[in-house]
$ cat run.txt   # compact mmCIF, C-alpha atoms
# COMPACT_ATOMS: atom_id res chain seq x y z
CA MET A 485 43.68 46.75 -43.03
CA LYS A 486 40.18 45.34 -43.42
CA VAL A 487 37.71 47.72 -45.09
CA ALA A 488 33.99 47.10 -45.45
CA VAL A 489 31.96 49.03 -48.03
CA VAL A 490 28.32 48.89 -46.98
CA GLY A 491 26.06 49.57 -49.95
CA ALA A 492 28.78 48.48 -52.38
CA THR A 493 26.37 48.03 -55.31
CA GLY A 494 24.66 51.41 -54.89
CA MET A 495 25.47 54.60 -56.78
CA VAL A 496 27.72 56.06 -54.05
CA GLY A 497 29.11 52.66 -53.03
CA GLU A 498 30.34 51.99 -56.56
CA VAL A 499 32.05 55.39 -56.62
CA MET A 500 33.59 54.68 -53.18
CA LEU A 501 35.23 51.56 -54.65
CA LYS A 502 36.54 53.57 -57.62
CA VAL A 503 37.91 56.28 -55.30
CA LEU A 504 39.56 53.71 -52.99
CA GLU A 505 41.23 52.22 -56.05
CA SER A 506 42.27 55.48 -57.73
CA ARG A 507 43.71 56.90 -54.47
CA ASN A 508 45.47 53.58 -53.82
CA PHE A 509 44.06 53.29 -50.31
CA GLN A 510 45.78 50.42 -48.51
CA ILE A 511 43.35 47.50 -48.25
CA ASP A 512 44.47 44.02 -47.25
CA GLU A 513 40.94 42.65 -47.14
CA LEU A 514 37.93 44.21 -48.88
CA ILE A 515 34.50 43.31 -47.48
CA PRO A 516 31.74 44.37 -49.90
CA VAL A 517 28.28 44.48 -48.30
CA ALA A 518 24.92 44.95 -50.00
CA SER A 519 21.23 44.12 -49.65
CA GLU A 520 19.99 40.54 -49.42
CA LYS A 521 19.29 40.28 -53.15
CA SER A 522 22.98 40.93 -53.91
CA ILE A 523 24.54 38.59 -51.32
CA GLY A 524 26.76 35.99 -52.99
CA LYS A 525 27.25 38.04 -56.15
CA GLN A 526 30.72 39.12 -57.23
CA ILE A 527 32.17 42.60 -57.63
CA GLU A 528 35.54 43.52 -59.09
CA PHE A 529 38.11 45.63 -57.25
CA LYS A 530 41.70 46.16 -58.41
CA GLY A 531 41.36 43.33 -60.92
CA LYS A 532 40.15 40.78 -58.37
CA ASN A 533 36.69 39.42 -57.64
CA PHE A 534 35.13 39.72 -54.20
CA THR A 535 31.95 38.11 -52.92
CA ILE A 536 29.24 40.34 -51.47
CA VAL A 537 28.38 39.42 -47.88
CA SER A 538 25.60 40.32 -45.45
CA LEU A 539 25.83 42.97 -42.74
CA ALA A 540 25.99 40.28 -40.05
CA GLU A 541 28.88 38.52 -41.81
CA ALA A 542 30.71 41.84 -42.18
CA VAL A 543 30.38 42.60 -38.46
CA ALA A 544 31.74 39.12 -37.63
CA LEU A 545 34.81 39.87 -39.77
CA LYS A 546 35.58 42.91 -37.56
CA PRO A 547 36.79 45.38 -40.21
CA ASN A 548 39.02 48.28 -39.19
CA ILE A 549 36.91 50.73 -41.19
CA ALA A 550 33.38 50.50 -42.58
CA LEU A 551 32.32 52.99 -45.23
CA PHE A 552 28.53 53.20 -45.08
CA SER A 553 26.29 54.29 -47.94
CA ALA A 554 23.13 52.30 -47.39
CA GLY A 555 20.60 54.79 -46.04
CA GLY A 556 19.78 56.20 -42.62
CA GLU A 557 17.78 53.28 -41.24
CA THR A 558 20.57 50.81 -42.01
CA SER A 559 23.13 53.14 -40.43
CA LEU A 560 21.11 53.63 -37.25
CA GLU A 561 20.70 49.87 -36.82
CA TRP A 562 24.09 48.60 -37.90
CA ALA A 563 26.69 51.31 -37.22
CA PRO A 564 26.51 50.64 -33.43
CA LYS A 565 26.99 46.90 -34.10
CA PHE A 566 30.18 47.62 -36.05
CA GLU A 567 31.26 50.05 -33.33
CA ALA A 568 30.80 47.29 -30.73
CA VAL A 569 33.44 45.11 -32.45
CA GLY A 570 35.92 48.01 -32.70
CA THR A 571 35.19 49.14 -36.27
CA THR A 572 35.31 52.83 -37.15
CA VAL A 573 32.23 53.68 -39.23
CA ILE A 574 32.24 56.56 -41.72
CA ASP A 575 28.58 57.09 -42.54
CA ASN A 576 27.29 58.84 -45.63
CA SER A 577 23.64 59.05 -44.53
CA SER A 578 22.01 61.84 -42.52
CA ALA A 579 21.47 59.52 -39.53
CA TRP A 580 24.34 60.68 -37.31
CA ARG A 581 25.17 64.15 -38.62
CA MET A 582 23.37 66.23 -36.04
CA VAL A 583 23.68 63.78 -33.13
CA GLU A 584 25.35 65.35 -30.11
CA GLY A 585 28.90 64.07 -29.72
CA LYS A 586 29.18 62.73 -33.28
CA LYS A 587 31.71 64.53 -35.48
CA LEU A 588 30.61 65.92 -38.86
CA ILE A 589 33.79 65.97 -40.93
CA VAL A 590 35.15 67.63 -44.04
CA PRO A 591 38.85 66.68 -43.76
CA GLU A 592 40.28 69.92 -45.16
CA ILE A 593 38.29 71.87 -42.55
CA ASN A 594 37.95 69.95 -39.29
CA ALA A 595 39.61 66.51 -39.42
CA SER A 596 41.80 67.60 -36.50
CA LEU A 597 38.75 67.09 -34.24
CA LEU A 598 38.94 63.31 -34.74
CA THR A 599 40.26 60.97 -32.05
CA LYS A 600 40.52 57.19 -31.58
CA ALA A 601 37.32 57.36 -29.54
CA ASP A 602 35.28 58.46 -32.58
CA LYS A 603 33.83 55.20 -33.86
CA ILE A 604 30.88 56.63 -35.81
CA ILE A 605 31.88 59.59 -37.98
CA ALA A 606 29.34 61.44 -40.11
CA ASN A 607 29.97 62.40 -43.73
CA PRO A 608 28.07 65.66 -44.44
CA ASN A 609 25.40 66.19 -47.08
CA CYS A 610 26.72 66.53 -50.65
CA SER A 611 25.52 70.10 -51.14
CA THR A 612 26.91 71.12 -47.74
CA ILE A 613 30.38 69.68 -48.37
CA GLN A 614 31.05 71.59 -51.57
CA MET A 615 29.76 74.84 -50.10
CA VAL A 616 31.73 74.76 -46.84
CA MET A 617 34.92 73.97 -48.77
CA VAL A 618 34.60 77.48 -50.18
CA LEU A 619 33.11 79.12 -47.09
CA ALA A 620 35.58 77.87 -44.46
CA PRO A 621 38.61 80.00 -45.49
CA LEU A 622 36.34 83.02 -46.08
CA HIS A 623 34.67 82.63 -42.67
CA LYS A 624 38.04 82.40 -40.98
CA LYS A 625 39.19 85.68 -42.50
CA TYR A 626 36.03 87.78 -42.84
CA LYS A 627 33.46 86.11 -40.51
CA ILE A 628 30.22 85.11 -42.21
CA LYS A 629 27.12 86.79 -40.87
CA ARG A 630 24.42 85.44 -43.22
CA LEU A 631 24.05 82.99 -46.12
CA VAL A 632 21.32 82.83 -48.75
CA ILE A 633 21.66 79.62 -50.77
CA SER A 634 19.94 78.38 -53.91
CA THR A 635 20.92 74.92 -55.14
CA TYR A 636 20.56 73.33 -58.57
CA GLN A 637 20.99 69.63 -57.84
CA SER A 638 21.58 66.64 -60.08
CA VAL A 639 19.16 63.71 -60.22
CA SER A 640 22.05 61.44 -59.19
CA GLY A 641 21.64 62.90 -55.72
CA THR A 642 18.33 61.04 -55.48
CA GLY A 643 19.77 57.76 -56.76
CA VAL A 644 19.57 55.22 -59.56
CA LYS A 645 15.77 55.41 -59.85
CA ALA A 646 15.90 59.17 -60.51
CA VAL A 647 18.67 58.85 -63.10
CA LYS A 648 16.57 56.20 -64.86
CA GLN A 649 13.50 58.47 -64.75
CA LEU A 650 15.44 61.25 -66.50
CA GLU A 651 16.84 58.85 -69.11
CA ASN A 652 13.38 57.38 -69.76
CA GLU A 653 11.81 60.82 -70.18
CA MET A 654 14.58 61.96 -72.52
CA ASN A 655 13.89 58.88 -74.67
CA GLY A 656 10.08 59.14 -74.50
CA ILE A 657 9.76 55.97 -72.42
CA LYS A 658 7.16 55.62 -69.67
CA GLY A 659 8.66 54.12 -66.53
CA GLU A 660 8.92 54.21 -62.77
CA MET A 661 8.95 57.73 -61.29
CA ALA A 662 11.33 58.81 -58.53
CA TYR A 663 9.71 62.27 -58.43
CA PRO A 664 6.06 63.37 -58.31
CA TYR A 665 6.51 65.15 -61.67
CA PRO A 666 8.63 64.80 -64.81
CA ILE A 667 12.22 66.05 -64.37
CA HIS A 668 13.20 66.28 -68.06
CA ARG A 669 12.83 69.90 -69.23
CA ASN A 670 11.71 70.79 -65.73
CA ALA A 671 12.97 72.05 -62.36
CA LEU A 672 11.52 70.77 -59.08
CA PRO A 673 11.81 73.02 -56.00
CA HIS A 674 11.54 69.85 -53.95
CA CYS A 675 14.68 68.03 -52.71
CA ASP A 676 13.87 65.39 -50.08
CA VAL A 677 10.69 65.65 -47.96
CA PHE A 678 8.92 68.79 -46.74
CA GLU A 679 9.13 69.59 -43.05
CA GLU A 680 6.65 71.42 -40.83
CA ASN A 681 8.35 74.80 -41.37
CA GLY A 682 7.77 74.58 -45.15
CA TYR A 683 11.43 73.87 -45.92
CA THR A 684 12.64 70.53 -47.28
CA LYS A 685 14.94 68.27 -45.33
CA GLU A 686 17.70 69.06 -47.84
CA GLU A 687 17.34 72.79 -47.20
CA MET A 688 17.52 72.31 -43.46
CA LYS A 689 20.62 70.14 -43.83
CA LEU A 690 22.34 73.14 -45.43
CA VAL A 691 21.31 75.29 -42.46
CA LYS A 692 22.25 72.94 -39.62
CA GLU A 693 25.29 71.18 -41.07
CA THR A 694 26.97 74.41 -42.19
CA ARG A 695 26.80 75.81 -38.66
CA LYS A 696 28.14 72.58 -37.16
CA ILE A 697 31.06 72.19 -39.58
CA LEU A 698 32.09 75.85 -39.34
CA ASN A 699 31.54 75.64 -35.56
CA ASP A 700 29.48 78.82 -35.48
CA PRO A 701 25.77 78.62 -34.54
CA SER A 702 25.45 82.40 -34.99
CA ILE A 703 25.56 82.23 -38.82
CA ALA A 704 22.11 83.02 -40.27
CA VAL A 705 21.35 80.57 -43.09
CA THR A 706 18.41 80.18 -45.45
CA ALA A 707 18.17 77.88 -48.46
CA THR A 708 16.08 76.81 -51.44
CA ALA A 709 17.02 73.46 -52.98
CA VAL A 710 16.00 72.67 -56.56
CA ARG A 711 16.33 69.45 -58.55
CA ILE A 712 17.31 69.97 -62.20
CA PRO A 713 17.70 67.56 -65.14
CA THR A 714 21.46 67.07 -64.98
CA SER A 715 22.79 63.56 -64.41
CA GLY A 716 25.84 64.50 -62.31
CA GLY A 717 27.08 67.50 -60.33
CA HIS A 718 25.40 69.94 -57.97
CA SER A 719 25.51 73.71 -58.50
CA GLU A 720 24.89 76.40 -55.90
CA SER A 721 24.32 80.14 -55.98
CA VAL A 722 25.60 81.39 -52.62
CA ASN A 723 25.06 84.90 -51.32
CA ILE A 724 27.34 85.72 -48.38
CA GLU A 725 27.16 88.66 -46.01
CA PHE A 726 30.37 89.17 -44.03
CA GLU A 727 30.87 91.08 -40.83
CA ASN A 728 34.16 92.47 -42.11
CA GLU A 729 35.12 94.35 -45.26
CA PHE A 730 36.83 92.49 -48.08
CA ASN A 731 38.64 93.04 -51.35
CA LEU A 732 37.60 90.93 -54.35
CA SER A 733 41.20 90.28 -55.38
CA ASP A 734 41.95 89.01 -51.85
CA ILE A 735 38.90 86.69 -52.00
CA ARG A 736 40.09 85.24 -55.31
CA ALA A 737 43.66 84.86 -54.04
CA LEU A 738 42.49 83.12 -50.88
CA LEU A 739 40.27 80.65 -52.74
CA SER A 740 42.92 79.91 -55.37
CA GLU A 741 45.27 78.87 -52.53
CA THR A 742 42.67 76.67 -50.80
CA GLN A 743 43.37 72.94 -51.03
CA GLY A 744 40.62 71.11 -52.90
CA VAL A 745 39.13 74.30 -54.38
CA VAL A 746 39.65 75.35 -58.01
CA LEU A 747 38.99 78.96 -59.02
CA GLN A 748 37.23 79.28 -62.41
CA ASP A 749 36.42 82.97 -62.55
CA ASN A 750 37.04 84.92 -65.72
CA THR A 751 34.02 86.46 -67.43
CA ASP A 752 36.20 87.71 -70.32
CA THR A 753 36.75 84.12 -71.42
CA ASN A 754 33.38 82.75 -70.20
CA THR A 755 35.21 80.76 -67.53
CA TYR A 756 32.93 79.62 -64.73
CA PRO A 757 32.09 76.31 -63.02
CA MET A 758 29.64 73.90 -64.63
CA PRO A 759 28.57 70.35 -63.75
CA ILE A 760 29.72 69.06 -67.14
CA PHE A 761 33.32 69.96 -66.24
CA ALA A 762 33.14 68.89 -62.58
CA HIS A 763 31.94 65.38 -63.48
CA GLY A 764 34.34 62.68 -62.27
CA LYS A 765 36.61 65.15 -60.48
CA ASP A 766 37.30 65.44 -56.74
CA ASP A 767 37.70 69.22 -56.57
CA VAL A 768 35.18 71.92 -55.74
CA PHE A 769 34.93 74.65 -58.39
CA VAL A 770 34.05 78.27 -57.63
CA GLY A 771 33.46 81.28 -59.86
CA ARG A 772 31.10 84.18 -60.75
CA ILE A 773 32.66 85.98 -57.77
CA ARG A 774 31.25 89.47 -57.45
CA ARG A 775 30.03 91.96 -54.89
CA ASP A 776 26.43 92.00 -53.78
CA GLU A 777 25.92 95.72 -54.30
CA SER A 778 22.63 95.73 -52.39
CA VAL A 779 24.20 95.15 -48.97
CA ALA A 780 27.36 96.06 -47.06
CA ASN A 781 30.09 93.39 -47.21
CA GLY A 782 28.02 91.18 -49.53
CA LEU A 783 29.45 88.63 -51.96
CA ASN A 784 27.92 86.36 -54.60
CA CYS A 785 29.55 83.18 -55.90
CA TRP A 786 28.72 80.02 -57.84
CA ILE A 787 29.94 76.67 -56.51
CA VAL A 788 29.92 73.35 -58.41
CA SER A 789 31.14 69.86 -57.54
CA ASP A 790 30.53 66.22 -58.45
CA ASN A 791 28.04 65.22 -55.75
CA LEU A 792 29.01 61.53 -55.89
CA ARG A 793 32.72 62.25 -55.45
CA LYS A 794 33.69 65.12 -53.12
CA GLY A 795 30.03 65.37 -52.14
CA ALA A 796 30.00 61.76 -50.93
CA ALA A 797 32.53 59.02 -51.76
CA THR A 798 35.75 61.04 -51.94
CA ASN A 799 35.06 62.90 -48.70
CA ALA A 800 34.42 59.58 -46.91
CA VAL A 801 37.64 58.05 -48.27
CA GLN A 802 39.58 61.19 -47.29
CA ILE A 803 38.30 60.76 -43.73
CA ALA A 804 39.53 57.15 -43.81
CA GLU A 805 42.91 58.31 -45.10
CA TYR A 806 43.20 60.81 -42.25
CA LEU A 807 42.36 58.13 -39.68
CA VAL A 808 45.02 55.78 -41.07
CA ASN A 809 47.68 58.48 -41.48
CA HIS A 810 47.18 59.66 -37.89
CA ASN A 811 47.02 56.16 -36.36
CA LEU A 812 43.41 56.62 -35.25
CA VAL A 813 42.31 53.13 -36.41

$ encode --input "run.txt" --output "structure tokens"
Amino acid sequence: MKVAVVGATGMVGEVMLKVLESRNFQIDELIPVASEKSIGKQIEFKGKNFTIVSLAEAVALKPNIALFSAGGETSLEWAPKFEAVGTTVIDNSSAWRMVEGKKLIVPEINASLLTKADKIIANPNCSTIQMVMVLAPLHKKYKIKRLVISTYQSVSGTGVKAVKQLENEMNGIKGEMAYPYPIHRNALPHCDVFEENGYTKEEMKLVKETRKILNDPSIAVTATAVRIPTSGGHSESVNIEFENEFNLSDIRALLSETQGVVLQDNTDTNTYPMPIFAHGKDDVFVGRIRRDESVANGLNCWIVSDNLRKGAATNAVQIAEYLVNHNLV
């Protein structure tokens, strides 16, 4: 089993390597890939050193699986080249998510769609993954009519430069800015770039990807995505309007039985999800479950997950595990 990690020195790539190691994913040959400035450098994996190679060298080695986390442009150019030599690419960028015929996969929800013919598989957006983990069982039972989403997203979702900006500002150091404004002691209603309709790209990902993963284009979705000064973990306030009636105790029971979802919902003991507790974990946490009393069949909940793990690296590795376990690579 040859596995390439493209973007191995990046924030998500480093977590991918940790997740591959912690989940004991079978790798006979690791092929770390990074930008030109990192080629020839060494990285450590399972106590051994591996030399970083170029994309062209990695393609020539014909890996079974390539985990991509190197940006959309790199994915668009190089994923087809890996596909051409028989590699299955699991891509963490937005490049392939909404492309007709390309699968957008959260393993607990729709991995059964995958076949041997799927050579470029899209990993959804971090904020989408954690939300649909909670929504999928609810949609199946009660049918979601409309979603109103507000996100509170960590600077780690932007990358190393943004994390450094926050650290610099906390320490009173002037440095390179990832955002147009300070993020320390601030909140920016600006995740990714603005589109013509006034929404950001991040907000529209929540709209489009949710419908695709849940396989229901009829769901009405609107979102506001906000960047906040936390260094790890995305939080989401999600308002759900169902077509069918529900009982709160049934909702809690259903979510507590959902694989990969942890219910933290007890206001008597101040138990609710927070990024500080989700950090470094692979689960999605849900709480603050209550009726929206302003609308029929309305529900409010609060969803938190580590955006670098289940929101990115862990989900990609889980896709790889499914492919191996079902002899699809």

$ residues_around --input "run.txt" --residues "Ser640 in chain A" --least-positions-apart "3" --cutoff "6 Å" --atoms "only C-alpha atoms" --output "list in words"
Gly643, Val647, Ser715 and Gly716 of chain A

$ atom_distance --input "run.txt" --atom1 "CA of Ser721 in chain A" --atom2 "CA of Trp786 in chain A"
4.8 Å

$ closest_residue --input "run.txt" --among "A:Ala797, A:Leu738, A:Met495, A:Ala804" --to "Val644 in chain A" --atoms "all atoms listed in the file"
A:Met495

$ residues_around --input "run.txt" --residues "Glu528 in chain A" --least-positions-apart "4" --cutoff "12 Å" --atoms "only C-alpha atoms" --output "short mmCIF file (atom, residue, chain, number, x, y, z; two decimals) with C-alpha atoms, keeping the file's coordinate frame"
data_model
loop_
_atom_site.label_atom_id
_atom_site.label_comp_id
_atom_site.auth_asym_id
_atom_site.auth_seq_id
_atom_site.Cartn_x
_atom_site.Cartn_y
_atom_site.Cartn_z
CA ALA A 492 28.78 48.48 -52.38
CA THR A 493 26.37 48.03 -55.31
CA GLU A 498 30.34 51.99 -56.56
CA LEU A 501 35.23 51.56 -54.65
CA LYS A 502 36.54 53.57 -57.62
CA GLU A 505 41.23 52.22 -56.05
CA LEU A 514 37.93 44.21 -48.88
CA ILE A 515 34.50 43.31 -47.48
CA PRO A 516 31.74 44.37 -49.90
CA LYS A 532 40.15 40.78 -58.37
CA ASN A 533 36.69 39.42 -57.64
CA PHE A 534 35.13 39.72 -54.20
CA THR A 535 31.95 38.11 -52.92
CA ILE A 536 29.24 40.34 -51.47
#

$ residues_near_point --input "run.txt" --point "(45.4, 59.5, -36.8)" --cutoff "12 Å" --atoms "all atoms listed in the file" --output "PyMOL selection string"
chain A and resi 591+595-602+803-813

$ atom_distance --input "run.txt" --atom1 "CA of Ser522 in chain A" --atom2 "CA of Val490 in chain A"
11.8 Å

$ closest_residue --input "run.txt" --among "A:Gln649, A:Ser578, A:Ile628, A:Leu747" --to "Lys685 in chain A" --atoms "all atoms listed in the file"
A:Ser578

$ atom_distance --input "run.txt" --atom1 "CA of Leu622 in chain A" --atom2 "CA of Ser577 in chain A"
27.2 Å

$ residues_around --input "run.txt" --residues "Ile589 in chain A" --least-positions-apart "2" --cutoff "8 Å" --atoms "all atoms listed in the file" --output "list in words"
Lys587, Pro591, Ile593, Asn594, Ala595, Ile605, Ala606, Asn607, Pro608, Ile697 and Ile803 of chain A

$ residues_around --input "run.txt" --residues "range 701-709 of chain A" --least-positions-apart "3" --cutoff "8 Å" --atoms "all atoms listed in the file" --output "tab-separated table (two decimals) with C-alpha atoms, in the frame of the given file"
chain	number	residue	atom	x	y	z
A	628	ILE	CA	30.22	85.11	-42.21
A	629	LYS	CA	27.12	86.79	-40.87
A	630	ARG	CA	24.42	85.44	-43.22
A	631	LEU	CA	24.05	82.99	-46.12
A	632	VAL	CA	21.32	82.83	-48.75
A	633	ILE	CA	21.66	79.62	-50.77
A	634	SER	CA	19.94	78.38	-53.91
A	635	THR	CA	20.92	74.92	-55.14
A	636	TYR	CA	20.56	73.33	-58.57
A	637	GLN	CA	20.99	69.63	-57.84
A	673	PRO	CA	11.81	73.02	-56.00
A	674	HIS	CA	11.54	69.85	-53.95
A	675	CYS	CA	14.68	68.03	-52.71
A	683	TYR	CA	11.43	73.87	-45.92
A	684	THR	CA	12.64	70.53	-47.28
A	686	GLU	CA	17.70	69.06	-47.84
A	687	GLU	CA	17.34	72.79	-47.20
A	688	MET	CA	17.52	72.31	-43.46
A	690	LEU	CA	22.34	73.14	-45.43
A	691	VAL	CA	21.31	75.29	-42.46
A	695	ARG	CA	26.80	75.81	-38.66
A	696	LYS	CA	28.14	72.58	-37.16

$ residues_near_point --input "run.txt" --point "(32.7, 86.3, -66.8)" --cutoff "12 Å" --atoms "all atoms listed in the file" --output "mmCIF file with C-alpha atoms, keeping the file's coordinate frame"
data_model
loop_
_atom_site.group_PDB
_atom_site.id
_atom_site.type_symbol
_atom_site.label_atom_id
_atom_site.label_comp_id
_atom_site.auth_asym_id
_atom_site.auth_seq_id
_atom_site.Cartn_x
_atom_site.Cartn_y
_atom_site.Cartn_z
ATOM 1 C CA GLN A 748 37.230 79.280 -62.410
ATOM 2 C CA ASP A 749 36.420 82.970 -62.550
ATOM 3 C CA ASN A 750 37.040 84.920 -65.720
ATOM 4 C CA THR A 751 34.020 86.460 -67.430
ATOM 5 C CA ASP A 752 36.200 87.710 -70.320
ATOM 6 C CA THR A 753 36.750 84.120 -71.420
ATOM 7 C CA ASN A 754 33.380 82.750 -70.200
ATOM 8 C CA THR A 755 35.210 80.760 -67.530
ATOM 9 C CA TYR A 756 32.930 79.620 -64.730
ATOM 10 C CA PRO A 757 32.090 76.310 -63.020
ATOM 11 C CA GLY A 771 33.460 81.280 -59.860
ATOM 12 C CA ARG A 772 31.100 84.180 -60.750
ATOM 13 C CA ILE A 773 32.660 85.980 -57.770
ATOM 14 C CA ARG A 774 31.250 89.470 -57.450
ATOM 15 C CA CYS A 785 29.550 83.180 -55.900
ATOM 16 C CA TRP A 786 28.720 80.020 -57.840
#

$ residues_around --input "run.txt" --residues "range 728-732 of chain A" --least-positions-apart "3" --cutoff "7 Å" --atoms "only C-alpha atoms" --output "ChimeraX atom specification"
/A:626-627,735-736,781

$ write_last_selection --input "run.txt" --atoms "C-alpha atoms" --output "PDB file, in the frame of the given file"
ATOM      1  CA  TYR A 626      36.030  87.780 -42.840  1.00  0.00           C
ATOM      2  CA  LYS A 627      33.460  86.110 -40.510  1.00  0.00           C
ATOM      3  CA  ILE A 735      38.900  86.690 -52.000  1.00  0.00           C
ATOM      4  CA  ARG A 736      40.090  85.240 -55.310  1.00  0.00           C
ATOM      5  CA  ASN A 781      30.090  93.390 -47.210  1.00  0.00           C
TER       6      ASN A 781
END

$ closest_residue --input "run.txt" --among "A:Val573, A:Ile523, A:Ala554, A:Ala780" --to "Gly494 in chain A" --atoms "only C-alpha atoms"
A:Ala554

$ closest_residue --input "run.txt" --among "A:Glu727, A:Glu584, A:Asp766, A:Glu680" --to "Gln614 in chain A" --atoms "only C-alpha atoms"
A:Asp766

$ closest_residue --input "run.txt" --among "A:Val583, A:Ile712, A:Leu792, A:Leu619" --to "Tyr663 in chain A" --atoms "all atoms listed in the file"
A:Ile712
